Amino acid sequence: MDSALEPITTSAAHGPRTLGVLTLTCSEHRGIVQAVTSFLLAHGLDIVEHHQFDDNDRGALFLRTAFATDRAVDVGWLTTAFAPVAERFGMTFSFHDDRPPRLLVMVSKLGHCLNDLIFRWRAGTLGGEIALVVSNHDDLRPMAEAAGLPFLHLPVRPDTKTEVEARLLALVDEHAIDLVVLARYMQILSDDLCQTLAGRAINIHHSFLPGFKGARPYHQAYTRGVKLVGATAHYVTPDLDEGPIIEQEVIRVDHTYHPRTLATVGQDAECLALSRAVRWHCEHRVLLHGRSTVVFR
């Protein structure tokens, strides 16, 4: 069962309200939803949005419930208070407050994804706050700095890769980064870095993979006469471009599309898929489950 109920309000709102989110995964059992809603209501938390998915094939339940309160959302206190409920059902769960997650965006030379993320961030529709931009080239410094964002140039060579990745992790800690966004960052991250950032790093690539690997993928696609151009946003894992998929965008094309036109269309698809994936992650709508995801849009 996949259900979405919105809004469900249990009391009239008075004055400023703050929002929080509960996400959880567990095996299917009777009474889970009742236990969750009873806990929230008992602590004066009004349910404003509820999604759940019962995966009968895997015997798993996935749940996202957003709630409102007249008080500040104390994630630590809620986590402790909810622990007995979670233990009873064997839940893996997290509470989240309404603080926008902080993003570190990594780029190389192509700027379309960075430009799109900056636009949505400044418009207030990205879901997170871009804290800084890191690149292995200096080309996109003007774009970042024009938006008032700190830009750090970290050149990558075979003999400096370990040092650069250590610096990257230091930046994640220094700037309290919640999510690393690889916005066409053309460097392969080490297995150790991928594991350290598990569930906290999103990558974008053209959906020609694995059909058109290597250089000039759009020229390869043109030669083969493709009819669909797409892009895939996924979590970063040590398995190159095979992490859990969050979002995919597809645009139909035909024989009249030149490689340059295909590249333009493909870049549009990349921007759409990446921005959606980032926003859904920031809104705690993506629940990881092994090599796949459940996304409550």
# chains A, B, ... in the order shown; residues from 1 in each chain; ligands from 1

call {"tool": "closest_atom_pairs", "arguments": {"of": "range 214-293 of chain A", "to": "range 41-59 of chain A", "cutoff": "12 Å", "atoms": "only C-alpha atoms", "output": "CSV"}}
result
residue,atom,partner,partner_atom,distance
A:His284,CA,A:His51,CA,11.7
A:Arg285,CA,A:His51,CA,9.3
A:Val286,CA,A:His51,CA,11.5
A:Leu287,CA,A:Phe53,CA,10.7
A:His289,CA,A:Arg58,CA,10.4
A:Gly290,CA,A:Arg58,CA,11.3
A:Thr293,CA,A:Phe53,CA,11.5

call {"tool": "write_last_selection", "arguments": {"atoms": "C-alpha atoms", "output": "mmCIF file, in the first residue's frame"}}
result
data_model
loop_
_atom_site.group_PDB
_atom_site.id
_atom_site.type_symbol
_atom_site.label_atom_id
_atom_site.label_comp_id
_atom_site.auth_asym_id
_atom_site.auth_seq_id
_atom_site.Cartn_x
_atom_site.Cartn_y
_atom_site.Cartn_z
ATOM 1 C CA HIS A 284 13.670 13.867 4.170
ATOM 2 C CA ARG A 285 11.529 12.238 1.493
ATOM 3 C CA VAL A 286 14.120 9.634 0.462
ATOM 4 C CA LEU A 287 14.446 6.442 2.489
ATOM 5 C CA HIS A 289 16.726 0.427 1.528
ATOM 6 C CA GLY A 290 19.735 -1.607 0.462
ATOM 7 C CA THR A 293 15.214 3.898 -2.397
#

call {"tool": "residues_around", "arguments": {"residues": "range 256-271 of chain A", "least_positions_apart": "2", "cutoff": "12 Å", "atoms": "only C-alpha atoms", "output": "NGL selection string"}}
result
:A and (110-120 or 126 or 182-184 or 203-208 or 216-234 or 247-254 or 273-278)

call {"tool": "atom_distance", "arguments": {"atom1": "CA of Leu171 in chain A", "atom2": "CA of Ile246 in chain A"}}
result
25.1 Å

call {"tool": "residues_around", "arguments": {"residues": "His29 in chain A", "least_positions_apart": "6", "cutoff": "9 Å", "atoms": "only C-alpha atoms", "output": "PyMOL selection string"}}
result
chain A and resi 60-61+89

call {"tool": "write_last_selection", "arguments": {"atoms": "all heavy atoms", "output": "PDB file, in the first residue's frame"}}
result
ATOM      1  N   ALA A  60       8.519  -5.123   4.281  1.00  0.00           N
ATOM      2  CA  ALA A  60       9.044  -3.931   4.939  1.00  0.00           C
ATOM      3  C   ALA A  60       8.033  -2.794   4.860  1.00  0.00           C
ATOM      4  O   ALA A  60       7.236  -2.704   3.918  1.00  0.00           O
ATOM      5  CB  ALA A  60      10.361  -3.498   4.307  1.00  0.00           C
ATOM      6  N   LEU A  61       8.078  -1.932   5.851  1.00  0.00           N
ATOM      7  CA  LEU A  61       7.245  -0.739   5.872  1.00  0.00           C
ATOM      8  C   LEU A  61       8.129   0.494   5.909  1.00  0.00           C
ATOM      9  O   LEU A  61       9.109   0.551   6.662  1.00  0.00           O
ATOM     10  CB  LEU A  61       6.308  -0.756   7.084  1.00  0.00           C
ATOM     11  CG  LEU A  61       5.375   0.458   7.220  1.00  0.00           C
ATOM     12  CD1 LEU A  61       4.012   0.027   7.745  1.00  0.00           C
ATOM     13  CD2 LEU A  61       5.971   1.511   8.171  1.00  0.00           C
ATOM     14  N   PHE A  89       8.960  -2.409  17.754  1.00  0.00           N
ATOM     15  CA  PHE A  89       8.698  -2.819  16.376  1.00  0.00           C
ATOM     16  C   PHE A  89       9.972  -3.043  15.557  1.00  0.00           C
ATOM     17  O   PHE A  89       9.891  -3.337  14.367  1.00  0.00           O
ATOM     18  CB  PHE A  89       7.829  -1.769  15.676  1.00  0.00           C
ATOM     19  CG  PHE A  89       6.432  -1.675  16.217  1.00  0.00           C
ATOM     20  CD1 PHE A  89       6.084  -0.667  17.097  1.00  0.00           C
ATOM     21  CD2 PHE A  89       5.465  -2.599  15.847  1.00  0.00           C
ATOM     22  CE1 PHE A  89       4.789  -0.573  17.605  1.00  0.00           C
ATOM     23  CE2 PHE A  89       4.177  -2.514  16.338  1.00  0.00           C
ATOM     24  CZ  PHE A  89       3.833  -1.501  17.222  1.00  0.00           C
TER      25      PHE A  89
END

call {"tool": "select_by_dssp", "arguments": {"residues": "range 98-190 of chain A", "states": "strand (DSSP E or B)", "output": "PyMOL selection string"}}
result
chain A and resi 102-107+129-135+151-153+179-182

call {"tool": "write_last_selection", "arguments": {"atoms": "all heavy atoms", "output": "compact mmCIF listing (two decimals), in the first residue's frame"}}
result
# COMPACT_ATOMS: atom_id res chain seq x y z
N ARG A 102 22.62 21.81 5.10
CA ARG A 102 23.71 22.57 4.50
C ARG A 102 24.39 21.73 3.41
O ARG A 102 24.71 20.56 3.64
CB ARG A 102 24.70 23.01 5.56
CG ARG A 102 24.11 24.06 6.51
CD ARG A 102 25.05 24.37 7.66
NE ARG A 102 26.35 24.85 7.24
CZ ARG A 102 26.60 26.10 6.83
NH1 ARG A 102 25.61 26.99 6.79
NH2 ARG A 102 27.82 26.46 6.48
N LEU A 103 24.63 22.36 2.26
CA LEU A 103 25.13 21.65 1.09
C LEU A 103 26.53 22.12 0.71
O LEU A 103 26.83 23.31 0.73
CB LEU A 103 24.20 21.88 -0.11
CG LEU A 103 22.70 21.74 0.12
CD1 LEU A 103 21.94 22.03 -1.17
CD2 LEU A 103 22.37 20.35 0.63
N LEU A 104 27.36 21.15 0.33
CA LEU A 104 28.64 21.43 -0.31
C LEU A 104 28.53 20.92 -1.74
O LEU A 104 28.27 19.73 -1.96
CB LEU A 104 29.78 20.73 0.43
CG LEU A 104 31.22 21.00 -0.04
CD1 LEU A 104 32.21 20.73 1.08
CD2 LEU A 104 31.60 20.15 -1.25
N VAL A 105 28.68 21.83 -2.70
CA VAL A 105 28.53 21.47 -4.11
C VAL A 105 29.90 21.33 -4.75
O VAL A 105 30.74 22.23 -4.64
CB VAL A 105 27.70 22.52 -4.88
CG1 VAL A 105 27.54 22.11 -6.34
CG2 VAL A 105 26.33 22.70 -4.22
N MET A 106 30.12 20.19 -5.42
CA MET A 106 31.39 19.93 -6.09
C MET A 106 31.18 19.98 -7.60
O MET A 106 30.22 19.38 -8.12
CB MET A 106 31.95 18.58 -5.66
CG MET A 106 32.18 18.48 -4.16
SD MET A 106 33.08 16.97 -3.69
CE MET A 106 34.70 17.32 -4.37
N VAL A 107 32.07 20.69 -8.30
CA VAL A 107 31.96 20.88 -9.74
C VAL A 107 33.33 20.75 -10.39
O VAL A 107 34.36 20.72 -9.72
CB VAL A 107 31.36 22.27 -10.08
CG1 VAL A 107 29.93 22.38 -9.59
CG2 VAL A 107 32.22 23.38 -9.47
N GLU A 129 20.56 24.81 2.04
CA GLU A 129 21.39 26.02 1.94
C GLU A 129 22.76 25.65 1.39
O GLU A 129 23.47 24.82 1.97
CB GLU A 129 21.55 26.67 3.32
CG GLU A 129 20.27 27.21 3.91
CD GLU A 129 19.79 28.46 3.19
OE1 GLU A 129 20.62 29.13 2.53
OE2 GLU A 129 18.59 28.76 3.28
N ILE A 130 23.14 26.24 0.26
CA ILE A 130 24.47 26.00 -0.29
C ILE A 130 25.48 26.75 0.58
O ILE A 130 25.40 27.98 0.70
CB ILE A 130 24.57 26.45 -1.75
CG1 ILE A 130 23.55 25.70 -2.61
CG2 ILE A 130 25.98 26.21 -2.29
CD1 ILE A 130 23.55 26.12 -4.07
N ALA A 131 26.42 26.03 1.17
CA ALA A 131 27.40 26.64 2.05
C ALA A 131 28.67 27.03 1.31
O ALA A 131 29.25 28.08 1.59
CB ALA A 131 27.74 25.69 3.20
N LEU A 132 29.10 26.19 0.37
CA LEU A 132 30.30 26.51 -0.41
C LEU A 132 30.37 25.62 -1.64
O LEU A 132 29.65 24.62 -1.74
CB LEU A 132 31.57 26.35 0.41
CG LEU A 132 32.06 24.94 0.75
CD1 LEU A 132 33.54 24.97 1.08
CD2 LEU A 132 31.28 24.36 1.91
N VAL A 133 31.23 26.02 -2.56
CA VAL A 133 31.46 25.30 -3.81
C VAL A 133 32.93 24.89 -3.86
O VAL A 133 33.82 25.71 -3.60
CB VAL A 133 31.10 26.16 -5.04
CG1 VAL A 133 31.39 25.38 -6.33
CG2 VAL A 133 29.64 26.60 -4.98
N VAL A 134 33.17 23.63 -4.18
CA VAL A 134 34.53 23.10 -4.28
C VAL A 134 34.73 22.56 -5.69
O VAL A 134 33.83 21.91 -6.24
CB VAL A 134 34.77 21.98 -3.25
CG1 VAL A 134 36.14 21.34 -3.44
CG2 VAL A 134 34.63 22.53 -1.83
N SER A 135 35.89 22.81 -6.28
CA SER A 135 36.13 22.37 -7.64
C SER A 135 37.59 21.98 -7.84
O SER A 135 38.49 22.51 -7.19
CB SER A 135 35.77 23.48 -8.63
OG SER A 135 36.03 23.06 -9.96
N PHE A 151 34.24 29.86 -2.79
CA PHE A 151 34.69 28.92 -3.82
C PHE A 151 36.10 28.47 -3.46
O PHE A 151 36.99 29.29 -3.23
CB PHE A 151 34.68 29.58 -5.20
CG PHE A 151 35.12 28.68 -6.32
CD1 PHE A 151 34.18 27.97 -7.06
CD2 PHE A 151 36.46 28.55 -6.65
CE1 PHE A 151 34.57 27.14 -8.10
CE2 PHE A 151 36.87 27.72 -7.69
CZ PHE A 151 35.92 27.02 -8.42
N LEU A 152 36.30 27.16 -3.41
CA LEU A 152 37.61 26.62 -3.06
C LEU A 152 38.12 25.75 -4.20
O LEU A 152 37.45 24.81 -4.63
CB LEU A 152 37.53 25.79 -1.78
CG LEU A 152 38.84 25.24 -1.24
CD1 LEU A 152 39.82 26.37 -0.92
CD2 LEU A 152 38.61 24.40 0.01
N HIS A 153 39.30 26.08 -4.69
CA HIS A 153 39.91 25.34 -5.78
C HIS A 153 40.84 24.28 -5.19
O HIS A 153 41.84 24.60 -4.54
CB HIS A 153 40.70 26.30 -6.68
CG HIS A 153 41.38 25.63 -7.83
ND1 HIS A 153 42.54 26.13 -8.40
CD2 HIS A 153 41.07 24.51 -8.52
CE1 HIS A 153 42.91 25.33 -9.39
NE2 HIS A 153 42.04 24.35 -9.48
N LEU A 179 24.97 17.42 3.25
CA LEU A 179 24.89 16.73 1.96
C LEU A 179 25.94 17.26 1.01
O LEU A 179 26.08 18.48 0.85
CB LEU A 179 23.50 16.91 1.34
CG LEU A 179 23.27 16.26 -0.03
CD1 LEU A 179 23.29 14.74 0.09
CD2 LEU A 179 21.95 16.72 -0.64
N VAL A 180 26.67 16.35 0.37
CA VAL A 180 27.63 16.71 -0.68
C VAL A 180 26.95 16.42 -2.02
O VAL A 180 26.43 15.33 -2.25
CB VAL A 180 28.93 15.89 -0.56
CG1 VAL A 180 29.86 16.17 -1.74
CG2 VAL A 180 29.62 16.21 0.77
N VAL A 181 26.96 17.43 -2.90
CA VAL A 181 26.30 17.31 -4.21
C VAL A 181 27.36 17.35 -5.30
O VAL A 181 28.06 18.36 -5.45
CB VAL A 181 25.28 18.44 -4.43
CG1 VAL A 181 24.57 18.26 -5.77
CG2 VAL A 181 24.27 18.48 -3.29
N LEU A 182 27.49 16.26 -6.04
CA LEU A 182 28.43 16.20 -7.16
C LEU A 182 27.69 16.67 -8.41
O LEU A 182 26.99 15.90 -9.06
CB LEU A 182 28.97 14.78 -7.34
CG LEU A 182 30.15 14.37 -6.43
CD1 LEU A 182 29.74 14.41 -4.96
CD2 LEU A 182 30.64 12.98 -6.79

call {"tool": "closest_residue", "arguments": {"among": "A:Gly127, A:Arg30, A:Leu24, A:Leu193", "to": "Ala83 in chain A", "atoms": "only C-alpha atoms"}}
result
A:Leu24

call {"tool": "closest_residue", "arguments": {"among": "A:Pro244, A:Pro158, A:Gly148, A:Gly20", "to": "Pro100 in chain A", "atoms": "only C-alpha atoms"}}
result
A:Gly20

call {"tool": "closest_residue", "arguments": {"among": "A:Arg122, A:Leu197, A:Arg279, A:Val295", "to": "Ile245 in chain A", "atoms": "only C-alpha atoms"}}
result
A:Val295

call {"tool": "decode", "arguments": {"residues": "range 108-125 of chain A", "atoms": "N, CA, C and O atoms", "output": "short mmCIF file (atom, residue, chain, number, x, y, z; two decimals), in the first residue's frame"}}
result
data_model
loop_
_atom_site.label_atom_id
_atom_site.label_comp_id
_atom_site.auth_asym_id
_atom_site.auth_seq_id
_atom_site.Cartn_x
_atom_site.Cartn_y
_atom_site.Cartn_z
N SER A 108 33.31 20.68 -11.72
CA SER A 108 34.56 20.71 -12.49
C SER A 108 34.51 21.89 -13.45
O SER A 108 34.67 23.03 -13.03
N LYS A 109 34.21 21.65 -14.73
CA LYS A 109 34.19 22.75 -15.69
C LYS A 109 32.80 23.06 -16.21
O LYS A 109 32.52 24.19 -16.62
N LEU A 110 31.91 22.07 -16.24
CA LEU A 110 30.56 22.29 -16.75
C LEU A 110 29.71 22.95 -15.67
O LEU A 110 29.63 22.46 -14.54
N GLY A 111 29.05 24.06 -16.03
CA GLY A 111 28.38 24.86 -15.02
C GLY A 111 26.86 24.79 -15.00
O GLY A 111 26.24 25.46 -14.18
N HIS A 112 26.25 23.99 -15.89
CA HIS A 112 24.79 24.04 -15.97
C HIS A 112 24.11 23.58 -14.69
O HIS A 112 23.12 24.18 -14.25
N CYS A 113 24.61 22.53 -14.06
CA CYS A 113 23.99 22.04 -12.83
C CYS A 113 24.21 23.02 -11.67
O CYS A 113 23.29 23.28 -10.88
N LEU A 114 25.42 23.56 -11.56
CA LEU A 114 25.68 24.54 -10.52
C LEU A 114 24.79 25.76 -10.70
O LEU A 114 24.20 26.26 -9.73
N ASN A 115 24.68 26.25 -11.92
CA ASN A 115 23.85 27.41 -12.19
C ASN A 115 22.40 27.16 -11.78
O ASN A 115 21.74 28.02 -11.18
N ASP A 116 21.89 25.98 -12.10
CA ASP A 116 20.52 25.64 -11.75
C ASP A 116 20.33 25.53 -10.24
O ASP A 116 19.33 26.02 -9.69
N LEU A 117 21.29 24.91 -9.56
CA LEU A 117 21.20 24.79 -8.10
C LEU A 117 21.23 26.17 -7.44
O LEU A 117 20.48 26.42 -6.48
N ILE A 118 22.10 27.04 -7.92
CA ILE A 118 22.18 28.40 -7.37
C ILE A 118 20.86 29.14 -7.56
O ILE A 118 20.35 29.79 -6.64
N PHE A 119 20.29 29.02 -8.76
CA PHE A 119 19.01 29.69 -9.03
C PHE A 119 17.94 29.21 -8.05
O PHE A 119 17.21 30.02 -7.45
N ARG A 120 17.82 27.90 -7.87
CA ARG A 120 16.78 27.36 -6.99
C ARG A 120 17.08 27.70 -5.52
O ARG A 120 16.14 27.93 -4.74
N TRP A 121 18.35 27.71 -5.15
CA TRP A 121 18.73 28.09 -3.79
C TRP A 121 18.32 29.53 -3.52
O TRP A 121 17.71 29.84 -2.49
N ARG A 122 18.63 30.44 -4.45
CA ARG A 122 18.30 31.85 -4.25
C ARG A 122 16.80 32.09 -4.29
O ARG A 122 16.29 33.02 -3.66
N ALA A 123 16.08 31.22 -5.02
CA ALA A 123 14.62 31.34 -5.09
C ALA A 123 13.94 30.70 -3.89
O ALA A 123 12.72 30.85 -3.71
N GLY A 124 14.70 29.98 -3.07
CA GLY A 124 14.14 29.34 -1.90
C GLY A 124 13.41 28.05 -2.17
O GLY A 124 12.60 27.59 -1.36
N THR A 125 13.70 27.40 -3.31
CA THR A 125 12.99 26.17 -3.68
C THR A 125 13.90 24.94 -3.71
O THR A 125 13.44 23.87 -4.11
#
